[in-house]
file model.txt (compact mmCIF, C-alpha atoms and all ligand atoms)
# COMPACT_ATOMS: atom_id res chain seq x y z
CA MET A 183 -10.94 -3.02 16.96
CA ASN A 184 -10.03 -6.51 15.75
CA ILE A 185 -10.90 -7.58 12.23
CA ILE A 186 -10.25 -10.52 9.95
CA LEU A 187 -9.70 -10.06 6.23
CA LEU A 188 -10.68 -13.26 4.53
CA GLY A 189 -10.41 -14.21 0.89
CA PRO A 190 -8.53 -16.45 -1.51
CA PRO A 191 -4.94 -15.75 -2.57
CA GLY A 192 -4.81 -12.51 -4.53
CA ALA A 193 -8.16 -11.23 -3.26
CA GLY A 194 -6.54 -8.01 -2.03
CA LYS A 195 -6.16 -8.70 1.70
CA GLY A 196 -2.60 -7.40 1.96
CA THR A 197 -3.37 -4.35 -0.18
CA GLN A 198 -6.34 -3.38 1.97
CA ALA A 199 -4.62 -4.20 5.27
CA ALA A 200 -1.78 -1.82 4.39
CA ARG A 201 -4.31 0.97 3.86
CA LEU A 202 -6.02 0.32 7.19
CA VAL A 203 -2.63 0.46 8.88
CA GLU A 204 -2.04 3.84 7.28
CA HIS A 205 -5.49 5.31 8.01
CA HIS A 206 -6.13 3.91 11.47
CA GLY A 207 -2.78 3.02 12.99
CA MET A 208 -3.92 -0.56 13.25
CA ARG A 209 -1.43 -3.41 13.04
CA GLN A 210 -1.40 -5.93 10.17
CA LEU A 211 -0.85 -9.48 11.35
CA SER A 212 -0.06 -11.44 8.21
CA THR A 213 0.95 -15.03 8.91
CA GLY A 214 2.24 -15.22 5.33
CA ASP A 215 4.62 -12.29 5.98
CA MET A 216 5.67 -13.77 9.33
CA LEU A 217 6.38 -17.14 7.70
CA ARG A 218 8.34 -15.56 4.85
CA ALA A 219 10.45 -13.68 7.41
CA ALA A 220 11.07 -16.98 9.25
CA VAL A 221 12.09 -18.70 6.01
CA LYS A 222 14.49 -15.89 5.21
CA ALA A 223 16.01 -15.98 8.71
CA GLN A 224 16.18 -19.79 8.55
CA THR A 225 14.60 -20.19 11.97
CA PRO A 226 13.29 -23.66 12.92
CA VAL A 227 9.78 -22.50 11.91
CA GLY A 228 11.14 -21.23 8.61
CA LEU A 229 12.97 -24.46 7.87
CA GLU A 230 9.78 -26.43 8.48
CA ALA A 231 7.56 -24.06 6.49
CA LYS A 232 9.68 -23.47 3.37
CA ALA A 233 8.83 -26.55 1.29
CA ILE A 234 5.17 -26.48 2.35
CA MET A 235 4.82 -22.88 1.20
CA GLU A 236 6.57 -23.60 -2.08
CA ARG A 237 3.96 -26.28 -2.76
CA GLY A 238 1.12 -23.92 -1.84
CA GLU A 239 -0.07 -26.11 1.01
CA LEU A 240 -0.89 -24.97 4.53
CA VAL A 241 1.63 -24.79 7.35
CA SER A 242 0.55 -26.42 10.63
CA ASP A 243 -2.12 -24.72 12.73
CA GLU A 244 0.10 -24.77 15.83
CA ILE A 245 2.91 -22.88 14.10
CA VAL A 246 0.75 -20.05 12.76
CA SER A 247 -1.30 -19.68 15.94
CA LYS A 248 1.89 -19.38 17.99
CA LEU A 249 3.13 -16.66 15.63
CA ILE A 250 -0.11 -14.72 16.06
CA ASP A 251 -0.10 -15.11 19.83
CA ALA A 252 3.48 -13.86 20.06
CA GLU A 253 2.72 -10.86 17.86
CA LEU A 254 -0.32 -9.87 19.94
CA THR A 255 1.75 -10.13 23.10
CA ALA A 256 4.40 -7.88 21.58
CA MET A 257 1.99 -5.17 20.43
CA GLY A 258 0.11 -4.53 23.65
CA PRO A 259 -3.63 -4.20 24.22
CA ASP A 260 -4.46 -0.79 22.74
CA VAL A 261 -3.53 -1.31 19.10
CA GLY A 262 -6.18 -2.67 16.72
CA ALA A 263 -5.41 -5.89 14.88
CA ILE A 264 -6.04 -6.80 11.25
CA PHE A 265 -5.71 -10.52 10.75
CA ASP A 266 -4.58 -11.06 7.16
CA GLY A 267 -4.44 -14.65 5.93
CA TYR A 268 -5.29 -16.05 9.36
CA PRO A 269 -7.31 -18.02 10.41
CA ARG A 270 -7.28 -20.41 7.44
CA THR A 271 -8.74 -23.57 9.02
CA ALA A 272 -11.46 -24.39 11.53
CA ALA A 273 -8.77 -25.32 14.07
CA GLN A 274 -7.10 -21.92 13.63
CA ALA A 275 -10.47 -20.18 14.05
CA GLU A 276 -10.90 -21.98 17.36
CA GLN A 277 -7.35 -21.18 18.42
CA LEU A 278 -7.90 -17.53 17.53
CA ASP A 279 -10.95 -17.36 19.82
CA ALA A 280 -8.84 -18.67 22.69
CA ILE A 281 -5.94 -16.34 21.90
CA LEU A 282 -8.18 -13.26 21.68
CA ALA A 283 -9.86 -14.17 24.97
CA ARG A 284 -6.46 -14.48 26.64
CA HIS A 285 -5.49 -11.05 25.34
CA GLY A 286 -8.81 -9.49 26.39
CA ARG A 287 -9.81 -8.79 22.78
CA LYS A 288 -12.99 -9.44 20.84
CA LEU A 289 -13.57 -9.92 17.15
CA ASP A 290 -15.50 -6.99 15.65
CA HIS A 291 -15.72 -7.79 11.95
CA VAL A 292 -14.92 -10.51 9.45
CA ILE A 293 -14.65 -9.07 5.95
CA GLU A 294 -14.75 -11.48 3.06
CA LEU A 295 -13.37 -10.25 -0.25
CA GLU A 296 -15.19 -12.05 -3.05
CA VAL A 297 -13.35 -12.46 -6.34
CA ASP A 298 -13.53 -14.77 -9.33
CA GLU A 299 -10.81 -17.34 -9.79
CA ASP A 300 -9.58 -16.33 -13.23
CA ALA A 301 -8.93 -12.82 -11.98
CA LEU A 302 -7.00 -14.24 -9.04
CA VAL A 303 -4.51 -16.03 -11.22
CA GLU A 304 -3.94 -12.85 -13.20
CA ARG A 305 -3.52 -10.82 -10.03
CA ILE A 306 -1.06 -13.21 -8.50
CA ILE A 307 1.07 -13.67 -11.60
CA GLY A 308 1.34 -9.85 -11.86
CA ARG A 309 2.06 -9.22 -8.18
CA PHE A 310 5.37 -7.73 -7.02
CA THR A 311 6.56 -5.79 -3.98
CA CYS A 312 9.22 -3.27 -3.06
CA ALA A 313 12.28 -5.17 -1.83
CA ASN A 314 13.00 -2.39 0.67
CA CYS A 315 9.65 -1.41 2.26
CA GLY A 316 7.30 -4.17 1.12
CA ALA A 317 4.81 -1.87 -0.65
CA GLY A 318 2.62 -3.92 -2.98
CA TYR A 319 2.29 -3.43 -6.74
CA HIS A 320 0.85 -5.09 -9.84
CA ASP A 321 2.08 -5.24 -13.45
CA ILE A 322 -1.29 -4.00 -14.75
CA TYR A 323 -3.43 -2.75 -11.84
CA LYS A 324 -1.00 -0.90 -9.64
CA LEU A 325 2.25 0.19 -11.21
CA PRO A 326 4.50 2.64 -9.34
CA LYS A 327 3.79 6.25 -10.36
CA VAL A 328 7.33 6.56 -11.73
CA ALA A 329 8.32 3.39 -13.58
CA GLY A 330 10.77 1.31 -11.59
CA VAL A 331 10.70 3.51 -8.46
CA CYS A 332 8.77 2.65 -5.28
CA ASP A 333 6.09 5.29 -4.48
CA LYS A 334 6.65 4.90 -0.76
CA CYS A 335 10.42 4.78 -0.29
CA GLY A 336 12.09 5.49 -3.64
CA SER A 337 13.80 2.12 -3.85
CA THR A 338 14.42 0.70 -7.31
CA GLU A 339 14.60 -2.94 -6.17
CA PHE A 340 11.49 -5.09 -6.42
CA LYS A 341 10.80 -8.75 -5.81
CA ARG A 342 8.32 -11.50 -6.62
CA ARG A 343 7.26 -14.39 -4.41
CA PRO A 344 8.49 -17.86 -5.40
CA ASP A 345 4.97 -19.26 -4.81
CA ASP A 346 3.30 -16.72 -7.12
CA ASN A 347 3.25 -19.02 -10.15
CA GLU A 348 0.20 -20.47 -11.87
CA GLU A 349 0.68 -24.04 -10.67
CA THR A 350 1.11 -23.16 -6.99
CA VAL A 351 -1.75 -20.69 -7.18
CA ARG A 352 -4.12 -23.48 -8.19
CA THR A 353 -3.07 -25.50 -5.14
CA ARG A 354 -3.48 -22.45 -2.89
CA MET A 355 -6.98 -21.86 -4.26
CA ALA A 356 -7.92 -25.48 -3.71
CA GLU A 357 -6.67 -25.20 -0.12
CA TYR A 358 -8.79 -22.08 0.33
CA ARG A 359 -11.92 -23.77 -0.99
CA ALA A 360 -11.40 -26.94 1.02
CA LYS A 361 -10.18 -25.59 4.35
CA THR A 362 -10.71 -21.83 4.65
CA ALA A 363 -14.08 -21.08 3.03
CA PRO A 364 -15.77 -23.59 5.41
CA ILE A 365 -14.90 -21.44 8.45
CA LEU A 366 -17.16 -18.60 7.29
CA PRO A 367 -20.34 -20.18 8.73
CA ILE A 368 -18.75 -20.03 12.20
CA TYR A 369 -18.56 -16.25 11.91
CA ASP A 370 -21.85 -15.95 10.00
CA ALA A 371 -23.56 -17.52 13.00
CA ARG A 372 -22.18 -14.64 15.10
CA GLY A 373 -23.51 -12.06 12.64
CA ILE A 374 -20.13 -10.39 12.08
CA VAL A 375 -19.43 -11.20 8.41
CA THR A 376 -19.60 -8.61 5.62
CA ARG A 377 -19.04 -9.70 2.04
CA ILE A 378 -17.43 -7.15 -0.25
CA ASP A 379 -16.99 -7.28 -4.01
CA GLY A 380 -13.24 -7.70 -4.32
CA MET A 381 -13.44 -7.29 -8.11
CA ALA A 382 -14.07 -3.57 -7.69
CA ALA A 383 -11.23 -1.05 -7.96
CA ILE A 384 -8.79 -0.93 -5.03
CA ASP A 385 -10.14 2.45 -3.80
CA THR A 386 -13.74 1.28 -4.00
CA VAL A 387 -12.94 -1.78 -1.89
CA THR A 388 -11.22 0.46 0.68
CA ASP A 389 -14.32 2.71 0.85
CA ARG A 390 -16.55 -0.29 1.47
CA ILE A 391 -14.29 -1.57 4.24
CA GLU A 392 -14.25 1.88 5.85
CA GLN A 393 -18.06 1.83 5.87
CA VAL A 394 -18.00 -1.49 7.69
CA LEU A 395 -15.52 -0.23 10.29
CA ALA A 396 -17.65 2.86 10.89
CA SER A 397 -20.83 0.80 11.32
P1 LIG B 401 -1.76 -15.08 -0.11
O1 LIG B 401 -1.22 -13.67 -0.20
O2 LIG B 401 -1.66 -15.78 -1.40
O3 LIG B 401 -3.11 -15.13 0.52
P2 LIG B 401 -0.09 -15.67 2.20
O4 LIG B 401 1.03 -14.72 2.07
O5 LIG B 401 -1.15 -15.36 3.19
O6 LIG B 401 -0.74 -15.93 0.77
O7 LIG B 401 0.47 -17.13 2.52
C1 LIG B 401 1.52 -17.71 1.77
C2 LIG B 401 1.71 -19.14 2.22
O8 LIG B 401 2.07 -19.17 3.62
C3 LIG B 401 0.46 -20.02 2.13
O9 LIG B 401 0.32 -20.60 0.85
C4 LIG B 401 0.75 -21.07 3.23
O10 LIG B 401 1.69 -22.03 2.78
C5 LIG B 401 1.43 -20.24 4.30
N1 LIG B 401 0.45 -19.66 5.28
C6 LIG B 401 0.21 -18.34 5.48
N2 LIG B 401 -0.72 -18.17 6.43
C7 LIG B 401 -1.09 -19.41 6.85
C8 LIG B 401 -2.02 -19.90 7.79
N3 LIG B 401 -2.79 -19.07 8.52
N4 LIG B 401 -2.12 -21.25 7.96
C9 LIG B 401 -1.35 -22.10 7.25
N5 LIG B 401 -0.46 -21.71 6.32
C10 LIG B 401 -0.32 -20.37 6.12
P1 LIG B 402 -3.74 -11.09 -1.04
O1 LIG B 402 -3.00 -10.44 0.13
O2 LIG B 402 -5.19 -11.30 -0.75
O3 LIG B 402 -3.07 -12.33 -1.52
P2 LIG B 402 -2.81 -8.73 -2.55
O4 LIG B 402 -3.33 -7.61 -1.72
O5 LIG B 402 -1.37 -9.04 -2.47
O6 LIG B 402 -3.70 -10.07 -2.25
O7 LIG B 402 -3.24 -8.46 -4.07
C1 LIG B 402 -2.80 -9.32 -5.12
C2 LIG B 402 -2.38 -8.49 -6.32
O8 LIG B 402 -3.54 -7.87 -6.91
C3 LIG B 402 -1.43 -7.35 -5.99
O9 LIG B 402 -0.50 -7.23 -7.04
C4 LIG B 402 -2.33 -6.11 -5.89
O10 LIG B 402 -1.64 -4.93 -6.29
C5 LIG B 402 -3.46 -6.44 -6.86
N1 LIG B 402 -4.77 -5.98 -6.38
C6 LIG B 402 -5.23 -5.94 -5.10
N2 LIG B 402 -6.51 -5.49 -5.05
C7 LIG B 402 -6.88 -5.26 -6.35
C8 LIG B 402 -8.09 -4.76 -6.97
N3 LIG B 402 -9.19 -4.45 -6.24
N4 LIG B 402 -8.09 -4.64 -8.32
C9 LIG B 402 -6.99 -4.98 -9.05
N5 LIG B 402 -5.83 -5.42 -8.53
C10 LIG B 402 -5.76 -5.56 -7.19
ZN ZN B 403 9.46 0.86 -1.10

call {"tool": "encode", "arguments": {"input": "model.txt", "output": "structure tokens"}}
result
Amino acid sequence: MNIILLGPPGAGKGTQAARLVEHHGMRQLSTGDMLRAAVKAQTPVGLEAKAIMERGELVSDEIVSKLIDAELTAMGPDVGAIFDGYPRTAAQAEQLDAILARHGRKLDHVIELEVDEDALVERIIGRFTCANCGAGYHDIYKLPKVAGVCDKCGSTEFKRRPDDNEETVRTRMAEYRAKTAPILPIYDARGIVTRIDGMAAIDTVTDRIEQVLAS
């Protein structure tokens, strides 16, 4: 099974992808996570991407498609893939088709999480993650069960992304509207898009996605 989770920044893609990984042993392929790892490791890709990401603009199509291709090669053919935050442009959508064909995979579902923009800003400003295991949290919507302690690994260190500020979020949303939303018709034409209300509670969104996967 190969699925794309599509939606603006803060829509809940990462949150839902993590649950699918847990429930189905699928693999989350988040270009954002891959790029942040490259920035941290100061690889050539990371050095090129850092300033672009801080501005909330998009990194080049070639860079992200290469990251995805390499990850698919590394994981072998039998593991399902959840594309999270990729593709984000028409060129990336085309590149993904070619990459999947090369790996003998086909796209089963594109799930679009629909959310309103004011909620997105609030979600992104409140977002934080465990510094040790990467588990995702929110100041209002998803606090750890014990204050200050990660539910998953017990760590007491958390971090926030440098691009999760109101100004950058507006740029990221504008990028989504201008470059990412227009790729949906490509997948609509193939009849594989399901739109889900991303404003619902986290568990409700998960249930809806599970229904789609079972269909
Ligand atoms: P969000 O969680 O807000 O959807 P991501 O973690 O997916 O954000 O991405 C963070 C940043 O990394 C983006 O603002 C962009 O600069 C870069 N990025 C991630 N994925 C892509 C992609 N597929 N194409 C271009 N740039 C990307
Ligand atoms: P994305 O990967 O699409 O950028 P995230 O999954 O990181 O989005 O979610 C953004 C923030 O909103 C996180 O802090 C997360 O805990 C929270 N969140 C995710 N889904 C929901 C939801 N359905 N309702 C309320 N908060 C949510
Ligand atoms: Zn943790």

call {"tool": "residues_near_ligand", "arguments": {"input": "model.txt", "ligand": "ligand LIG 401 (chain B)", "cutoff": "6 Å", "atoms": "all atoms listed in the file", "output": "number ranges by chain"}}
result
A: 190-192, 213-215, 234-235, 238-243, 246, 267-270, 354

call {"tool": "residues_around", "arguments": {"input": "model.txt", "residues": "A:Ala313", "least_positions_apart": "3", "cutoff": "6 Å", "atoms": "all atoms listed in the file", "output": "VMD selection string"}}
result
chain A and resid 316 339 to 341

call {"tool": "write_last_selection", "arguments": {"input": "model.txt", "atoms": "C-alpha atoms", "output": "compact mmCIF listing (two decimals), in the frame of the given file"}}
result
# COMPACT_ATOMS: atom_id res chain seq x y z
CA GLY A 316 7.30 -4.17 1.12
CA GLU A 339 14.60 -2.94 -6.17
CA PHE A 340 11.49 -5.09 -6.42
CA LYS A 341 10.80 -8.75 -5.81

call {"tool": "residues_around", "arguments": {"input": "model.txt", "residues": "A:Thr271", "least_positions_apart": "6", "cutoff": "7 Å", "atoms": "all atoms listed in the file", "output": "NGL selection string"}}
result
:A and (361-362 or 365)

call {"tool": "atom_distance", "arguments": {"input": "model.txt", "atom1": "atom N1 of ligand LIG 402 (chain B)", "atom2": "atom CA of A:Asp251"}}
result
28.1 Å

call {"tool": "axis_aligned_box", "arguments": {"input": "model.txt", "around": "stretch 330-335 of chain A", "padding_each_side": "4 Å", "output": "JSON"}}
result
{"center_x": 8.4, "center_y": 3.3, "center_z": -5.9, "size_x": 12.7, "size_y": 12.0, "size_z": 19.3}

call {"tool": "residues_near_ligand", "arguments": {"input": "model.txt", "ligand": "ligand ZN 403 (chain B)", "cutoff": "8 Å", "atoms": "all atoms listed in the file", "output": "ChimeraX atom specification"}}
result
/A:311-317,331-338

call {"tool": "residues_around", "arguments": {"input": "model.txt", "residues": "A:Leu229", "least_positions_apart": "3", "cutoff": "12 Å", "atoms": "only C-alpha atoms", "output": "list of chain:residue names"}}
result
A:Leu217, A:Arg218, A:Ala219, A:Ala220, A:Val221, A:Lys222, A:Ala223, A:Gln224, A:Thr225, A:Pro226, A:Lys232, A:Ala233, A:Ile234, A:Met235, A:Glu236, A:Val241, A:Ile245

call {"tool": "closest_residue", "arguments": {"input": "model.txt", "among": "A:Ala273, A:Leu187, A:Ala396, A:Met208", "to": "ligand LIG 402 (chain B)", "atoms": "all atoms listed in the file"}}
result
A:Leu187

call {"tool": "closest_residue", "arguments": {"input": "model.txt", "among": "A:Leu302, A:Leu249, A:Ile384, A:Met183", "to": "ligand LIG 402 (chain B)", "atoms": "all atoms listed in the file"}}
result
A:Ile384

call {"tool": "build_atoms", "arguments": {"input": "model.txt", "residues": "stretch 254-276 of chain A", "atoms": "N, CA and C atoms", "output": "short mmCIF file (atom, residue, chain, number, x, y, z; two decimals), keeping the file's coordinate frame"}}
result
data_model
loop_
_atom_site.label_atom_id
_atom_site.label_comp_id
_atom_site.auth_asym_id
_atom_site.auth_seq_id
_atom_site.Cartn_x
_atom_site.Cartn_y
_atom_site.Cartn_z
N LEU A 254 0.65 -10.61 19.12
CA LEU A 254 -0.32 -9.87 19.94
C LEU A 254 0.30 -9.51 21.29
N THR A 255 1.08 -10.41 21.83
CA THR A 255 1.75 -10.13 23.10
C THR A 255 2.69 -8.95 22.93
N ALA A 256 3.41 -8.94 21.81
CA ALA A 256 4.40 -7.88 21.58
C ALA A 256 3.75 -6.52 21.36
N MET A 257 2.53 -6.48 20.80
CA MET A 257 1.99 -5.17 20.43
C MET A 257 1.16 -4.50 21.51
N GLY A 258 0.85 -5.19 22.59
CA GLY A 258 0.11 -4.53 23.65
C GLY A 258 -1.36 -4.40 23.33
N PRO A 259 -2.19 -4.07 24.33
CA PRO A 259 -3.63 -4.20 24.22
C PRO A 259 -4.35 -3.09 23.46
N ASP A 260 -3.70 -1.93 23.25
CA ASP A 260 -4.46 -0.79 22.74
C ASP A 260 -4.44 -0.63 21.22
N VAL A 261 -3.64 -1.44 20.55
CA VAL A 261 -3.53 -1.31 19.10
C VAL A 261 -4.49 -2.29 18.43
N GLY A 262 -5.26 -1.80 17.45
CA GLY A 262 -6.18 -2.67 16.72
C GLY A 262 -5.45 -3.66 15.85
N ALA A 263 -6.06 -4.83 15.65
CA ALA A 263 -5.41 -5.89 14.88
C ALA A 263 -6.19 -6.22 13.61
N ILE A 264 -5.45 -6.33 12.51
CA ILE A 264 -6.04 -6.80 11.25
C ILE A 264 -5.43 -8.16 10.95
N PHE A 265 -6.22 -9.19 11.05
CA PHE A 265 -5.71 -10.52 10.75
C PHE A 265 -5.82 -10.76 9.25
N ASP A 266 -4.67 -10.96 8.62
CA ASP A 266 -4.58 -11.06 7.16
C ASP A 266 -4.04 -12.45 6.82
N GLY A 267 -4.90 -13.30 6.28
CA GLY A 267 -4.44 -14.65 5.93
C GLY A 267 -4.45 -15.60 7.11
N TYR A 268 -5.12 -15.24 8.16
CA TYR A 268 -5.29 -16.05 9.36
C TYR A 268 -6.62 -15.66 9.99
N PRO A 269 -7.45 -16.56 10.46
CA PRO A 269 -7.31 -18.02 10.41
C PRO A 269 -7.62 -18.60 9.02
N ARG A 270 -7.09 -19.76 8.74
CA ARG A 270 -7.28 -20.41 7.44
C ARG A 270 -7.90 -21.79 7.58
N THR A 271 -8.10 -22.27 8.80
CA THR A 271 -8.74 -23.57 9.02
C THR A 271 -9.66 -23.43 10.23
N ALA A 272 -10.56 -24.41 10.38
CA ALA A 272 -11.46 -24.39 11.53
C ALA A 272 -10.66 -24.45 12.83
N ALA A 273 -9.59 -25.23 12.85
CA ALA A 273 -8.77 -25.32 14.07
C ALA A 273 -8.16 -23.96 14.40
N GLN A 274 -7.68 -23.26 13.38
CA GLN A 274 -7.10 -21.92 13.63
C GLN A 274 -8.17 -20.95 14.13
N ALA A 275 -9.39 -21.07 13.60
CA ALA A 275 -10.47 -20.18 14.05
C ALA A 275 -10.73 -20.40 15.53
N GLU A 276 -10.71 -21.65 15.95
CA GLU A 276 -10.90 -21.98 17.36
C GLU A 276 -9.76 -21.45 18.21
#
